[in-house]
Structure formats: structure tokens, C-alpha cells
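Trainee: Here it is, the structure in full.
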Amino acid sequence: MNIKKQYLKLEEDLSEINVGLIRLAKPILEHELFFTINNINTFKFKRVDDILIKGEYFDHSFSRYQAYDQSSKNCYSFISNRSVSSVQKKLQNQLFSDESNIKFLLNLHQDVDYILTNSDMFAEFSLILLPENFVFQIQEYPLSSEEELYQLIQYYE
């Protein structure tokens, strides 16, 4: 009688999360945008600690706003796609360096102004009212667990 050995196959966390991509219809200052968003929603967004990405030549900061919705028990976060500030640590001495004073979290989507995340596994962004004259419709975007942004979102939640 042959006995087959069976090994437990531990699956890696290959899950995805959905984020919302937000594009502004016209240029508006951050504080004006969130003042307007807070006026039309029952929950209020507040500025929280920025996301900090350290590079070899620059440290980049990305603004972050959070709100908690009591009715749906969800925490929503707006993260700026473009760095709001950068601090130069040392001079670049390479001609073709891939690091600059401006960084995007989603390099392939530089037209996106904010990334919207949700604490729920199944993201439902329709519960947030956005001012129609300032913001285009939210586009859902899947992030795999292998992407750097996925890891950042998990770390800062």
C-alpha cells in the first residue's frame, strides 16, 4: 500500500483591494475641497499624518485625510497621488537618476489627484457625496498585494 505524503500548501496573501481614483474637474486648493466635501456629508474628513516615502535623494510627503462613517462603520481615506512636499537629502550626482523632487504614488495615472481607500474589504465609494462641480466620477481601480501602494495603504491603516 502506497502512502501519499500531502503537504500543506500555505497560500500567500494574493488578495486585491479596490481603491477609488479621483480626478479634479478644475484646480482647487486642498482645504477648499475638503471644506466642501465636509459640508455635504454627515461624516467629516480631517487631516491626519502624511504618508512619508524615503528615497535616496528626496523624502516625499503625501497628504492624507480620514473620516469615519458611523452608519456604515467604515473609515475612508483620501491620499494625494502627487507629493505635497519633498525634502532634498543630498545632491544628485547622476545624470539619469530615476528620482526627482516630485513623486506620484500611481506613476501610470499621473492625472489622478487623490486615491480613496476604504477600511471594508468590499469598497463602496458611492456612500461619499462629492461636489459634482469640482470632482469627476470616482473610478474603481484594483491594487494587487504585490504593488508598493498596497503595502503603504496596509501600513497606514
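A note on labels: chains of the C-alpha cells are A, B, ... as shown, every chain counts residues from 1, and ligands are counted from 1 in their shown order.
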Tell me, which residues of region 13-151 of chain A carry DSSP helix (DSSP H, G or I), written as number ranges by chain?

Mentor: A: 30-40, 107-109, 125-127, 148-151

Trainee: Can you write out as a Markdown table which residues of region 20-81 of chain A fall within 10 Å of region 126-146 of chain A, alongside each residue's closest atom pair and its distance in Å to one decimal, counting only C-alpha atoms and ordering rows by chain and ascending residue number?

Mentor:
```
| residue | atom | partner | partner_atom | distance |
| --- | --- | --- | --- | --- |
| A:Gly20 | CA | A:Glu140 | CA | 4.6 |
| A:Leu21 | CA | A:Gln139 | CA | 5.0 |
| A:Ile22 | CA | A:Ile138 | CA | 5.4 |
| A:Arg23 | CA | A:Phe136 | CA | 5.7 |
| A:Leu24 | CA | A:Val135 | CA | 4.5 |
| A:Ala25 | CA | A:Val135 | CA | 5.0 |
| A:Lys26 | CA | A:Phe134 | CA | 6.0 |
| A:Pro27 | CA | A:Phe134 | CA | 8.1 |
| A:Ile28 | CA | A:Phe134 | CA | 7.7 |
| A:Leu33 | CA | A:Phe134 | CA | 7.7 |
| A:Phe34 | CA | A:Leu130 | CA | 9.5 |
| A:Thr36 | CA | A:Pro131 | CA | 7.0 |
| A:Ile37 | CA | A:Leu130 | CA | 5.9 |
| A:Asn38 | CA | A:Leu129 | CA | 9.1 |
| A:Asn39 | CA | A:Pro131 | CA | 9.7 |
| A:Ile40 | CA | A:Leu129 | CA | 6.5 |
| A:Asn41 | CA | A:Leu129 | CA | 6.1 |
| A:Thr42 | CA | A:Ile128 | CA | 9.4 |
| A:Phe43 | CA | A:Ile128 | CA | 9.1 |
| A:Asp69 | CA | A:Leu127 | CA | 9.2 |
| A:Ser72 | CA | A:Leu127 | CA | 8.7 |
| A:Tyr76 | CA | A:Ile128 | CA | 8.9 |
```

Trainee: Quick one: everything within 12 Å of Gln92 (chain A), counting only C-alpha atoms, minus sequence neighbours fewer than 4 positions away in the same chain. Send it as a PyMOL selection string.

Mentor: chain A and resi 55-58+88+96-101

Trainee: Could you list, as a PyMOL selection string, every residue within 9 Å of Ser86 (chain A), counting only C-alpha atoms and ignoring same-chain residues fewer than 3 positions away?

Mentor: chain A and resi 58-61+83+101-103

Trainee: Identify all residues of chain A in strand (DSSP E or B) (DSSP on the backbone) and supply them as JSON, numbers by chain.

Mentor: {"A": [16, 17, 18, 19, 20, 21, 22, 24, 46, 47, 48, 49, 50, 51, 52, 53, 54, 58, 59, 60, 61, 62, 63, 64, 65, 66, 67, 68, 69, 74, 75, 76, 77, 78, 79, 80, 82, 85, 86, 87, 88, 104, 114, 115, 116, 117, 118, 135, 139, 140, 141, 142, 143, 144]}

Trainee: Between A:Ala67, A:Ile51, A:Leu105, A:Val87, which has the minimum distance to Tyr155 (chain A) (counting only C-alpha atoms)?

Mentor: A:Ile51

Trainee: Between A:Phe104, A:Thr117, A:Lys44, A:His109, which has the minimum distance to Gln70 (chain A) (counting only C-alpha atoms)?

Mentor: A:Lys44

Trainee: State, in Å with one decimal place, the distance from CA of Glu148 (chain A) to CA of Leu106 (chain A).

Mentor: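 Taking CA of Glu148 (chain A) and CA of Leu106 (chain A), their separation equals 9.5 Å.
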
Trainee: Tell me which protein, DNA and RNA residues are within 6 Å of Leu116 (chain A), counting only C-alpha atoms, leaving out same-chain ones fewer than 4 positions away, and put them as a ChimeraX atom specification.

Mentor: /A:19-20,77-78

Trainee: Using CA of Tyr65 (chain A) and CA of Leu52 (chain A) as the two end points, give the distance in Å to one decimal.

Mentor: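 About the pair CA of Tyr65 (chain A) and CA of Leu52 (chain A): they are 14.1 Å apart.
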